[in-house]
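Engineer: Pasting data24.txt here (compact mmCIF, C-alpha atoms and all ligand atoms):
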# COMPACT_ATOMS: atom_id res chain seq x y z
CA MET X 1 -5.43 26.87 -10.26
CA SER X 2 -7.10 24.00 -12.10
CA LEU X 3 -6.09 20.73 -13.66
CA PRO X 4 -4.46 21.10 -17.09
CA HIS X 5 -7.17 21.38 -19.72
CA GLY X 6 -7.71 22.36 -23.30
CA SER X 7 -8.44 19.64 -25.82
CA SER X 8 -10.60 16.87 -24.42
CA HIS X 9 -8.66 13.95 -22.96
CA ASP X 10 -9.34 10.67 -21.21
CA ALA X 11 -8.43 10.37 -17.57
CA LEU X 12 -8.29 7.70 -14.88
CA LEU X 13 -9.02 8.19 -11.21
CA VAL X 14 -7.16 6.03 -8.68
CA LEU X 15 -8.61 5.70 -5.18
CA ASN X 16 -7.11 4.30 -2.02
CA ALA X 17 -9.79 4.35 0.66
CA GLY X 18 -8.64 3.71 4.22
CA SER X 19 -10.45 3.77 7.55
CA SER X 20 -9.97 7.51 8.01
CA SER X 21 -8.60 8.71 4.69
CA LEU X 22 -9.33 8.77 0.98
CA LYS X 23 -6.24 9.18 -1.17
CA PHE X 24 -6.53 9.83 -4.89
CA SER X 25 -4.54 10.38 -8.08
CA VAL X 26 -5.74 11.48 -11.51
CA TYR X 27 -3.88 10.44 -14.66
CA ARG X 28 -4.28 11.70 -18.20
CA VAL X 29 -4.24 8.94 -20.80
CA ASP X 30 -2.58 10.10 -24.00
CA ALA X 31 -3.16 8.80 -27.54
CA ASP X 32 -0.35 6.23 -27.07
CA GLU X 33 -1.96 4.99 -23.87
CA GLN X 34 0.79 6.53 -21.74
CA LEU X 35 -0.20 7.80 -18.30
CA HIS X 36 0.63 11.29 -17.06
CA LEU X 37 -0.07 12.34 -13.48
CA LEU X 38 -2.36 15.39 -13.36
CA ALA X 39 -3.10 15.58 -9.65
CA SER X 40 -2.84 13.66 -6.44
CA GLY X 41 -4.00 14.28 -2.92
CA GLY X 42 -6.27 13.09 -0.22
CA ILE X 43 -8.85 13.76 2.40
CA GLU X 44 -7.47 12.78 5.77
CA GLU X 45 -9.00 12.47 9.25
CA LEU X 46 -12.42 11.50 7.92
CA GLY X 47 -14.96 11.34 10.71
CA ALA X 48 -13.01 13.97 12.67
CA ALA X 49 -11.51 17.30 11.54
CA ALA X 50 -11.18 16.34 7.85
CA HIS X 51 -8.58 18.02 5.66
CA PHE X 52 -8.42 17.95 1.84
CA TRP X 53 -5.39 18.75 -0.26
CA ALA X 54 -4.46 18.27 -3.91
CA LYS X 55 -1.22 18.90 -5.77
CA ASN X 56 -0.19 18.76 -9.39
CA SER X 57 2.71 16.63 -10.69
CA ARG X 58 5.18 19.41 -9.83
CA GLY X 59 3.99 19.39 -6.23
CA GLU X 60 2.21 22.74 -6.50
CA LEU X 61 -0.93 23.08 -4.40
CA LEU X 62 -4.15 22.91 -6.44
CA GLY X 63 -6.58 23.06 -3.57
CA GLU X 64 -6.97 22.74 0.17
CA GLN X 65 -9.98 22.67 2.48
CA ARG X 66 -10.72 21.92 6.12
CA TRP X 67 -13.93 20.76 7.77
CA PRO X 68 -14.87 21.20 11.42
CA GLY X 69 -14.63 18.10 13.61
CA ARG X 70 -17.39 16.83 15.85
CA ALA X 71 -19.71 19.51 17.18
CA PRO X 72 -22.95 19.24 19.13
CA ALA X 73 -26.21 18.95 17.12
CA PRO X 74 -27.72 20.65 15.17
CA ALA X 75 -24.29 21.32 13.59
CA PRO X 76 -23.63 18.98 10.62
CA GLY X 77 -21.66 15.83 11.49
CA PRO X 78 -18.01 15.50 10.48
CA LEU X 79 -17.14 14.58 6.88
CA GLY X 80 -17.30 10.80 6.33
CA HIS X 81 -16.47 8.53 3.35
CA SER X 82 -19.68 9.28 1.50
CA GLY X 83 -19.21 13.06 1.85
CA ALA X 84 -15.56 12.67 0.82
CA ILE X 85 -16.47 10.89 -2.44
CA ASP X 86 -19.10 13.59 -3.15
CA PHE X 87 -16.58 16.34 -2.46
CA LEU X 88 -13.87 14.73 -4.59
CA THR X 89 -16.07 14.03 -7.64
CA GLU X 90 -17.41 17.60 -7.45
CA TRP X 91 -13.89 19.02 -7.04
CA LEU X 92 -12.70 17.09 -10.10
CA ARG X 93 -15.69 18.35 -12.11
CA GLU X 94 -15.05 21.95 -11.06
CA HIS X 95 -11.33 21.83 -11.73
CA ASN X 96 -11.08 20.05 -15.03
CA GLY X 97 -12.09 23.02 -17.19
CA GLY X 98 -14.41 20.69 -19.14
CA GLY X 99 -11.46 19.01 -20.82
CA MET X 100 -11.30 15.74 -18.92
CA ARG X 101 -13.39 12.64 -19.59
CA LEU X 102 -13.17 10.12 -16.78
CA ILE X 103 -13.00 6.64 -18.36
CA GLY X 104 -12.53 4.53 -15.26
CA VAL X 105 -11.68 4.30 -11.58
CA GLY X 106 -9.00 2.00 -10.18
CA HIS X 107 -9.17 0.98 -6.53
CA ARG X 108 -6.67 -0.41 -4.11
CA VAL X 109 -8.41 -3.39 -2.50
CA VAL X 110 -6.48 -5.02 0.28
CA HIS X 111 -7.76 -8.58 -0.12
CA GLY X 112 -8.44 -10.61 -3.25
CA GLY X 113 -8.38 -13.98 -1.49
CA LEU X 114 -6.87 -17.04 -3.12
CA SER X 115 -8.88 -16.96 -6.31
CA HIS X 116 -7.92 -13.45 -7.43
CA SER X 117 -4.30 -13.21 -8.47
CA ALA X 118 -4.82 -10.34 -10.93
CA PRO X 119 -6.81 -7.09 -11.04
CA GLU X 120 -10.41 -7.34 -12.22
CA LEU X 121 -13.23 -5.22 -13.53
CA VAL X 122 -15.80 -4.78 -10.78
CA THR X 123 -19.05 -6.69 -11.24
CA PRO X 124 -21.81 -7.36 -8.69
CA GLU X 125 -20.48 -10.95 -8.41
CA LEU X 126 -16.93 -9.78 -7.72
CA LEU X 127 -18.18 -7.27 -5.17
CA SER X 128 -20.09 -9.91 -3.25
CA TYR X 129 -17.04 -12.24 -3.29
CA LEU X 130 -14.86 -9.39 -1.99
CA GLN X 131 -17.48 -8.70 0.69
CA SER X 132 -17.10 -12.32 1.85
CA LEU X 133 -13.40 -11.58 2.53
CA VAL X 134 -14.18 -8.78 5.02
CA PRO X 135 -13.51 -11.08 8.03
CA LEU X 136 -9.97 -11.60 6.67
CA ALA X 137 -9.25 -7.86 6.59
CA PRO X 138 -11.89 -6.16 8.75
CA LEU X 139 -9.99 -2.90 9.19
CA HIS X 140 -9.30 -2.26 5.49
CA GLN X 141 -11.59 -4.21 3.15
CA PRO X 142 -14.93 -2.57 4.17
CA HIS X 143 -13.57 0.91 3.35
CA ASN X 144 -12.17 -0.24 0.00
CA LEU X 145 -15.54 -1.75 -0.95
CA LEU X 146 -17.51 1.23 0.30
CA ALA X 147 -15.55 3.50 -2.08
CA ILE X 148 -16.44 1.18 -4.99
CA ARG X 149 -20.13 1.23 -4.04
CA LEU X 150 -20.20 5.00 -3.59
CA ILE X 151 -18.57 5.59 -7.00
CA ALA X 152 -21.09 3.17 -8.58
CA GLN X 153 -23.91 5.29 -7.08
CA ARG X 154 -22.44 8.69 -7.93
CA LEU X 155 -21.02 7.85 -11.37
CA PRO X 156 -23.18 4.94 -12.58
CA GLY X 157 -21.88 3.04 -15.59
CA LEU X 158 -18.27 4.13 -15.09
CA PRO X 159 -16.02 1.03 -15.20
CA GLN X 160 -14.21 0.28 -11.96
CA VAL X 161 -11.18 -1.94 -11.49
CA ALA X 162 -10.19 -3.65 -8.24
CA CYS X 163 -6.44 -4.15 -7.71
CA PHE X 164 -5.51 -6.46 -4.87
CA ASP X 165 -2.65 -6.05 -2.42
CA THR X 166 -2.54 -9.82 -1.94
CA ALA X 167 -2.35 -10.73 -5.65
CA PHE X 168 1.42 -10.37 -6.14
CA HIS X 169 2.12 -13.05 -3.54
CA ARG X 170 0.07 -15.80 -5.16
CA THR X 171 3.24 -17.00 -6.94
CA ALA X 172 4.77 -18.02 -3.59
CA PRO X 173 5.12 -21.81 -3.11
CA GLY X 174 2.42 -23.52 -1.07
CA VAL X 175 4.76 -24.19 1.83
CA SER X 176 5.44 -20.46 2.18
CA GLN X 177 1.69 -19.68 2.33
CA ALA X 178 0.86 -22.34 4.94
CA PHE X 179 0.43 -22.28 8.70
CA ALA X 180 0.98 -25.45 10.69
CA LEU X 181 -2.72 -25.78 11.42
CA PRO X 182 -5.21 -28.62 10.75
CA PRO X 183 -6.68 -28.65 7.21
CA THR X 184 -10.18 -27.84 8.51
CA ILE X 185 -8.88 -24.45 9.64
CA THR X 186 -6.73 -23.91 6.52
CA ALA X 187 -9.81 -24.63 4.37
CA LYS X 188 -11.50 -21.62 5.93
CA GLY X 189 -8.82 -19.42 4.36
CA VAL X 190 -6.50 -19.23 7.37
CA ARG X 191 -3.15 -19.04 5.56
CA ARG X 192 -0.43 -16.55 4.74
CA TYR X 193 -1.52 -14.09 2.05
CA GLY X 194 1.06 -11.28 2.16
CA PHE X 195 0.23 -7.61 1.43
CA HIS X 196 1.74 -4.43 -0.09
CA GLY X 197 1.62 -6.34 -3.40
CA LEU X 198 0.95 -3.25 -5.53
CA SER X 199 4.12 -1.67 -4.21
CA TYR X 200 6.17 -4.85 -4.79
CA GLU X 201 4.76 -5.16 -8.27
CA TYR X 202 5.90 -1.61 -9.06
CA ILE X 203 9.41 -2.39 -7.78
CA ALA X 204 9.52 -5.72 -9.67
CA ARG X 205 8.74 -3.85 -12.88
CA ALA X 206 11.29 -1.09 -12.20
CA LEU X 207 14.13 -3.31 -10.91
CA PRO X 208 15.51 -4.45 -14.31
CA ASP X 209 16.26 -0.78 -15.13
CA TYR X 210 18.40 -0.50 -11.99
CA ASP X 211 19.99 -3.92 -11.61
CA ALA X 212 19.54 -6.63 -14.24
CA GLN X 213 21.34 -9.22 -12.09
CA ALA X 214 19.08 -8.62 -9.09
CA ALA X 215 15.99 -8.67 -11.32
CA ALA X 216 17.01 -12.11 -12.59
CA GLY X 217 18.15 -13.29 -9.16
CA ARG X 218 17.32 -13.15 -5.45
CA THR X 219 16.11 -9.83 -4.03
CA VAL X 220 14.44 -8.77 -0.82
CA VAL X 221 12.34 -5.60 -1.07
CA LEU X 222 11.78 -3.67 2.16
CA HIS X 223 8.55 -1.66 2.01
CA LEU X 224 8.98 0.51 5.10
CA GLY X 225 6.09 2.97 5.52
CA ASN X 226 3.50 3.34 8.27
CA GLY X 227 2.67 -0.23 7.40
CA ALA X 228 5.86 -2.20 6.79
CA SER X 229 6.66 -5.53 5.23
CA MET X 230 9.35 -7.33 3.27
CA CYS X 231 9.06 -9.50 0.20
CA ALA X 232 11.52 -12.11 -1.08
CA MET X 233 11.55 -12.17 -4.88
CA GLN X 234 13.11 -14.75 -7.16
CA ALA X 235 13.34 -13.30 -10.69
CA CYS X 236 10.90 -10.56 -9.62
CA LYS X 237 8.23 -13.05 -8.44
CA SER X 238 7.17 -13.24 -4.80
CA VAL X 239 8.34 -16.37 -2.99
CA ALA X 240 7.82 -15.23 0.62
CA SER X 241 6.56 -12.25 2.63
CA SER X 242 6.95 -11.09 6.21
CA MET X 243 3.20 -10.42 6.36
CA GLY X 244 0.85 -13.36 6.77
CA PHE X 245 -2.88 -13.78 7.35
CA THR X 246 -3.34 -10.09 8.14
CA ALA X 247 -1.39 -6.87 7.76
CA VAL X 248 -0.49 -6.91 11.47
CA ASP X 249 2.10 -9.69 11.05
CA GLY X 250 5.85 -9.41 10.53
CA LEU X 251 7.77 -6.22 11.13
CA VAL X 252 7.36 -3.56 13.80
CA MET X 253 5.16 -0.86 12.20
CA GLY X 254 3.93 2.63 13.04
CA SER X 255 1.30 1.41 15.49
CA ARG X 256 1.09 -2.33 14.66
CA CYS X 257 3.07 -4.86 16.67
CA GLY X 258 4.20 -7.25 13.94
CA SER X 259 4.98 -10.89 14.77
CA LEU X 260 3.87 -11.96 18.19
CA ASP X 261 3.97 -15.25 20.02
CA PRO X 262 0.33 -16.47 19.73
CA GLY X 263 0.58 -17.32 23.43
CA VAL X 264 0.56 -13.59 24.14
CA LEU X 265 -2.99 -13.39 22.77
CA LEU X 266 -4.13 -16.15 25.13
CA TYR X 267 -2.49 -14.35 28.04
CA LEU X 268 -4.19 -11.04 27.11
CA MET X 269 -7.58 -12.74 27.00
CA ASP X 270 -7.24 -15.14 29.94
CA GLU X 271 -5.25 -13.09 32.42
CA LEU X 272 -5.89 -9.47 31.41
CA LYS X 273 -9.52 -10.21 30.45
CA MET X 274 -9.22 -8.32 27.18
CA ASP X 275 -11.93 -9.05 24.60
CA ALA X 276 -11.32 -9.34 20.84
CA ARG X 277 -11.88 -5.63 20.16
CA ALA X 278 -9.50 -4.57 22.94
CA VAL X 279 -6.85 -6.97 21.62
CA GLU X 280 -7.40 -5.64 18.09
CA ARG X 281 -6.95 -2.06 19.29
CA LEU X 282 -3.77 -2.98 21.13
CA LEU X 283 -2.22 -4.87 18.21
CA TYR X 284 -3.18 -2.44 15.42
CA LYS X 285 -3.33 0.99 17.03
CA GLU X 286 -1.36 1.01 20.27
CA SER X 287 1.74 -1.04 19.52
CA GLY X 288 4.70 -0.79 17.14
CA LEU X 289 6.82 2.37 17.18
CA LEU X 290 4.03 4.23 19.00
CA GLY X 291 3.54 1.58 21.65
CA VAL X 292 7.22 1.02 22.40
CA SER X 293 8.18 4.71 22.39
CA GLY X 294 5.00 6.10 23.91
CA ILE X 295 5.83 9.16 21.79
CA SER X 296 4.84 8.75 18.15
CA SER X 297 4.13 6.27 15.36
CA ASP X 298 6.06 8.52 12.99
CA MET X 299 9.66 7.57 12.24
CA ARG X 300 10.66 11.15 11.48
CA ALA X 301 9.45 12.34 14.89
CA LEU X 302 11.27 9.47 16.63
CA SER X 303 14.48 10.07 14.66
CA GLU X 304 14.50 13.70 15.82
CA SER X 305 13.92 12.74 19.46
CA GLN X 306 16.70 12.12 22.02
CA ASP X 307 14.29 10.26 24.31
CA PRO X 308 15.68 6.78 25.17
CA ARG X 309 12.25 5.27 24.45
CA ALA X 310 12.38 6.65 20.88
CA ILE X 311 15.86 5.17 20.46
CA GLU X 312 14.65 1.83 21.82
CA ALA X 313 11.70 1.78 19.40
CA ILE X 314 13.96 2.43 16.39
CA GLU X 315 16.43 -0.22 17.61
CA LEU X 316 13.64 -2.80 17.80
CA PHE X 317 12.35 -1.77 14.35
CA VAL X 318 15.82 -2.31 12.84
CA TYR X 319 16.57 -5.49 14.81
CA ARG X 320 13.40 -7.21 13.64
CA ILE X 321 14.07 -6.22 10.03
CA GLY X 322 17.56 -7.72 10.35
CA ARG X 323 16.16 -11.01 11.61
CA GLU X 324 13.43 -11.13 8.99
CA LEU X 325 16.03 -10.45 6.31
CA GLY X 326 17.91 -13.57 7.41
CA SER X 327 14.69 -15.58 7.19
CA LEU X 328 13.81 -14.28 3.71
CA ALA X 329 17.39 -14.80 2.48
CA ALA X 330 17.05 -18.40 3.68
CA ALA X 331 13.79 -18.75 1.73
CA LEU X 332 15.67 -17.54 -1.36
CA GLY X 333 18.78 -19.63 -0.72
CA GLY X 334 21.00 -16.54 -0.82
CA LEU X 335 20.75 -12.86 -1.58
CA ASP X 336 21.83 -10.71 -4.56
CA ALA X 337 20.20 -7.40 -3.62
CA ILE X 338 18.03 -5.53 -1.16
CA VAL X 339 15.75 -2.66 -2.15
CA PHE X 340 14.47 0.04 0.22
CA THR X 341 11.15 1.71 -0.56
CA ALA X 342 8.16 3.64 0.95
CA GLY X 343 8.35 6.59 3.39
CA ILE X 344 11.05 5.32 5.77
CA GLY X 345 12.90 3.25 3.17
CA GLU X 346 13.07 6.15 0.72
CA HIS X 347 13.83 8.96 3.17
CA SER X 348 15.58 7.76 6.30
CA ALA X 349 19.33 7.41 5.64
CA PRO X 350 20.12 6.51 9.30
CA VAL X 351 17.56 3.66 9.35
CA ARG X 352 18.85 2.34 6.01
CA ALA X 353 22.43 2.51 7.33
CA ALA X 354 21.50 0.58 10.48
CA ILE X 355 19.71 -2.11 8.45
CA CYS X 356 22.66 -2.41 6.05
CA ARG X 357 25.03 -2.82 9.04
CA ALA X 358 22.76 -5.62 10.32
CA ALA X 359 22.95 -7.19 6.85
CA ALA X 360 26.76 -7.04 6.57
CA TRP X 361 26.97 -10.83 7.11
CA LEU X 362 24.84 -11.25 3.95
CA GLY X 363 27.43 -9.31 1.96
CA VAL X 364 25.93 -5.81 2.10
CA GLU X 365 28.64 -3.14 2.15
CA LEU X 366 27.18 0.34 2.55
CA ASP X 367 28.43 3.33 0.56
CA GLU X 368 27.88 5.99 3.26
CA ALA X 369 27.99 8.97 0.89
CA ALA X 370 25.59 7.39 -1.61
CA ASN X 371 23.24 6.53 1.24
CA LEU X 372 23.24 10.10 2.54
CA ALA X 373 22.57 11.28 -1.02
CA GLY X 374 19.56 8.97 -1.23
CA GLY X 375 20.92 6.48 -3.78
CA PRO X 376 19.69 4.98 -5.97
CA ARG X 377 22.60 2.54 -5.38
CA ILE X 378 23.74 2.76 -1.76
CA SER X 379 26.16 -0.20 -1.68
CA THR X 380 29.82 -0.02 -2.72
CA THR X 381 30.77 -1.32 -6.17
CA GLY X 382 32.55 -4.26 -4.49
CA SER X 383 29.54 -5.19 -2.30
CA ARG X 384 28.60 -8.88 -2.72
CA CYS X 385 24.96 -7.96 -2.19
CA ALA X 386 23.73 -4.73 -3.81
CA ALA X 387 21.54 -2.24 -1.91
CA TRP X 388 19.18 0.15 -3.67
CA VAL X 389 16.67 2.89 -2.89
CA ILE X 390 13.78 2.82 -5.38
CA PRO X 391 10.72 5.04 -4.80
CA THR X 392 7.50 3.05 -5.03
CA ASN X 393 4.33 4.11 -6.86
CA GLU X 394 1.30 2.01 -5.99
CA GLU X 395 -1.08 4.47 -7.65
CA LEU X 396 0.67 4.17 -11.00
CA THR X 397 0.51 0.37 -10.75
CA ILE X 398 -3.27 0.64 -10.23
CA ALA X 399 -3.66 3.12 -13.11
CA ARG X 400 -1.67 0.81 -15.43
CA HIS X 401 -3.88 -2.16 -14.56
CA CYS X 402 -7.02 -0.09 -14.93
CA LEU X 403 -5.98 1.10 -18.39
CA ALA X 404 -4.93 -2.39 -19.49
CA LEU X 405 -8.26 -3.91 -18.45
CA LEU X 406 -10.29 -1.11 -20.06
CA SER X 407 -8.32 -1.47 -23.31
CA GLN X 408 -8.82 -5.23 -23.20
CA GLN X 409 -12.55 -4.74 -22.67
CA GLU X 410 -12.75 -2.28 -25.57
CA GLU X 411 -10.83 -4.72 -27.78
CA GLY X 412 -13.26 -7.51 -26.80
CA THR X 413 -16.30 -5.34 -27.61
CA ARG X 414 -14.81 -4.41 -31.02
CA HIS X 415 -14.09 -8.06 -31.75
CA GLU X 416 -17.66 -9.07 -30.83
CA GLN X 417 -19.13 -6.31 -33.03
CA GLN X 418 -16.97 -7.40 -35.98
CA HIS X 419 -18.13 -11.01 -35.62
CA ALA X 420 -21.78 -10.31 -34.81
P1 LIG B 1 1.96 4.94 4.37
O1 LIG B 1 2.15 3.51 4.79
O2 LIG B 1 0.95 5.67 5.21
O3 LIG B 1 1.80 5.15 2.88
P2 LIG B 1 4.54 6.22 3.99
O4 LIG B 1 5.09 5.29 2.97
O5 LIG B 1 4.20 7.60 3.56
O6 LIG B 1 3.33 5.62 4.79
O7 LIG B 1 5.63 6.31 5.18
C1 LIG B 1 5.38 7.06 6.33
C2 LIG B 1 6.58 6.90 7.26
O8 LIG B 1 7.74 7.43 6.60
C3 LIG B 1 6.42 7.69 8.55
O9 LIG B 1 6.90 6.93 9.65
C4 LIG B 1 7.33 8.89 8.32
O10 LIG B 1 7.82 9.43 9.51
C5 LIG B 1 8.44 8.23 7.53
N1 LIG B 1 9.28 9.24 6.89
C6 LIG B 1 8.98 10.06 5.87
N2 LIG B 1 10.00 10.90 5.62
C7 LIG B 1 10.98 10.60 6.51
C8 LIG B 1 12.28 11.10 6.78
N3 LIG B 1 12.81 12.09 6.08
N4 LIG B 1 13.00 10.54 7.80
C9 LIG B 1 12.47 9.53 8.52
N5 LIG B 1 11.26 9.02 8.32
C10 LIG B 1 10.52 9.55 7.33
Before we go any further, please render this structure as structure tokens.
Ligand code: ADP

Structural biologist:
Amino acid sequence: MSLPHGSSHDALLVLNAGSSSLKFSVYRVDADEQLHLLASGGIEELGAAAHFWAKNSRGELLGEQRWPGRAPAPAPGPLGHSGAIDFLTEWLREHNGGGMRLIGVGHRVVHGGLSHSAPELVTPELLSYLQSLVPLAPLHQPHNLLAIRLIAQRLPGLPQVACFDTAFHRTAPGVSQAFALPPTITAKGVRRYGFHGLSYEYIARALPDYDAQAAAGRTVVLHLGNGASMCAMQACKSVASSMGFTAVDGLVMGSRCGSLDPGVLLYLMDELKMDARAVERLLYKESGLLGVSGISSDMRALSESQDPRAIEAIELFVYRIGRELGSLAAALGGLDAIVFTAGIGEHSAPVRAAICRAAAWLGVELDEAANLAGGPRISTTGSRCAAWVIPTNEELTIARHCLALLSQQEEGTRHEQQHA
């Protein structure tokens, strides 16, 4: 099976490059500049036993491939990021039937710093600025930038757009972005940035279609995936986030610990003699649902387990969300709606129910049947605070930005030519 083809059409590629995965989506751009998903998929477990899959918009498999993991020399090494980009660009070429013209690539870039509150076309200057932010997001940013560089090498001249996960939160008031640290440290960029912005932006744009009152009022969005955070929105603009300087802050996540007393870090270093890398591994990879349960970082696996440690991990996950919800409602001065999104938020009815019970004091009254049915509205009609389930789509947000910037650029070029 191949991608739909026939008459020639423009297409956009969206890439989300992580430490061990490369996720992608391809959109057709029609004559009215509407986007239509053609394919999405990913290459996971890069650097180990990599696995590629791609599906069309109906969820039908378009392709699948596996690579061997590490093997002794002279066997070829495992597939890495560079090989993954080569494979993907070749796969797209082979499967487009000659009908698709790639007009740009949009990238998810975790950090845009303080000076980038909107997506931007990639230039050498932007790339070197984004490189300077690597110390602020060492586990994500290098992979995002590597994908941009590899595409520039493989497909030179193709416009690329960087979309930042931090950008959505730049509307938050200064006090909500500050730590109580001396200005010399703050000046180095040590402040609360917030992440998952592309997901929140998608929800902010979709919310008016679900709940006009919430869109004009005070809403907390719960992005509960492997990474998890919450965002307080006033009239669909971010005013506070549970994530701070890095994406390890806030909620309990798949394998990240979330908020921690900073004194714990001193104890780990002074008493347990852990160095920075060991602490990093503990906080990012060995904590959260995985660390507490000792079983899995995956909510579905924990939900199916009867093991008391799995139950304890889910209880802690829910408890911390409940507390954070109180904090974000305080930042908003009240609450009109909550919105569940991402893997756990969209699919786990029991977790949503437990969170809604913890939020009863804020006026959330759960409609059990609607919750089991997956929503979209899961609160009763009389509920003082509405509760919704809205599927997120970060890739579409990136594709929209990419198209808007490319159209803007084309418009600018036309304008210049007319006035030359
Ligand atoms: P990522 O942050 O990697 O994009 P996702 O948004 O895909 O993550 O969310 C992954 C999480 O969603 C995992 O913990 C997974 O177990 C959970 N999840 C997905 N489907 C279900 C389900 N039906 N019940 C409970 N948890 C689910």

Engineer: Name the residues, by chain letter and number, that sit within 6 Å of ligand LIG 1 (chain B) using only C-alpha atoms and all ligand atoms, and give them as a ChimeraX atom specification.

Structural biologist: /X:225-227,298-300,342-344,347-348

Engineer: For Met233 (chain X), which residue out of X:Gly333, X:Phe317, X:Val292, X:Met274 is the nearest one, using only C-alpha atoms?

Structural biologist: X:Gly333

Engineer: Excluding region 24-28 of chain X and its own-chain neighbours fewer than 2 positions away, which residues fall within 6 Å of it when counting all atoms listed in the file? Please give them as a list in words.

Structural biologist: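 Final neighbour list, sorted by chain and number: Asp10, Ala11, Leu12, Leu13, Val14, Leu15, Leu35, His36, Leu37, Leu38, Ala39, Ser40, Gly41 and Gly42 of chain X.
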
Engineer: For CA of Ala152 (chain X) and CA of Asp30 (chain X), determine how far apart the two atoms are, in Å to one decimal place.

Structural biologist: 25.1 Å

Engineer: In terms of the shortest atom-to-atom distance over only C-alpha atoms, which of X:His116, X:Arg192, X:Lys23, X:Arg149 is closest to Val239 (chain X)?

Structural biologist: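 So, comparing all the options, the nearest one is X:Arg192.
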
Engineer: Could you tell me how far CA of Gly112 (chain X) lies from CA of Gly194 (chain X), in Å and to one decimal?

Structural biologist: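 That distance, rounded to one decimal, is 11.0 Å.
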
Engineer: Between CA of Ala349 (chain X) and CA of Leu332 (chain X), what distance in Å does the model show, to one decimal?

Structural biologist: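 It comes out at 26.2 Å.
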
Engineer: Pull the neighbourhood of (-9.3, 24.3, 3.9) for me: all residues within 8 Å in file coordinates, counting all atoms listed in the file, as a ChimeraX atom specification.

Structural biologist: /X:51-53,64-67

Engineer: Go ahead and dump the residues you just picked, C-alpha atoms, as a PDB file, keeping the file's coordinate frame.

Structural biologist:
ATOM      1  CA  HIS X  51      -8.580  18.020   5.660  1.00  0.00           C
ATOM      2  CA  PHE X  52      -8.420  17.950   1.840  1.00  0.00           C
ATOM      3  CA  TRP X  53      -5.390  18.750  -0.260  1.00  0.00           C
ATOM      4  CA  GLU X  64      -6.970  22.740   0.170  1.00  0.00           C
ATOM      5  CA  GLN X  65      -9.980  22.670   2.480  1.00  0.00           C
ATOM      6  CA  ARG X  66     -10.720  21.920   6.120  1.00  0.00           C
ATOM      7  CA  TRP X  67     -13.930  20.760   7.770  1.00  0.00           C
TER       8      TRP X  67
END

Engineer: Could you check the closest approach to Gln160 (chain X) for each of X:Leu62, X:Ile103, X:Leu222, X:Ala337 and tell me which residue wins, using all atoms listed in the file?

Structural biologist: X:Ile103

Engineer: What's the 6 Å shell around Met230 (chain X), counting all atoms listed in the file, without same-chain residues fewer than 4 positions away, as a ChimeraX atom specification?

Structural biologist: /X:221-223,241-242

Engineer: For region 380-392 of chain X, work out the shell of residues within 7 Å, counting only C-alpha atoms and skipping chain neighbours fewer than 4 positions away, then give it as number ranges by chain.

Structural biologist: X: 199, 202-203, 335-342, 346, 362-367, 374-376

Engineer: Find the residues around region 309-316 of chain X up to 10 Å (all atoms listed in the file counted), leave out those fewer than 5 positions away in its own chain, and share them as a ChimeraX atom specification.

Structural biologist: /X:251-252,288-297,299,301-304,321-322,351,354-355

Engineer: Rank nothing, just name the residue among X:Glu120, X:Arg58, X:Ala147, X:Val175 nearest to Gln408 (chain X), using all atoms listed in the file.

Structural biologist: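 Distance minimum relative to Gln408 (chain X) lands on X:Glu120.
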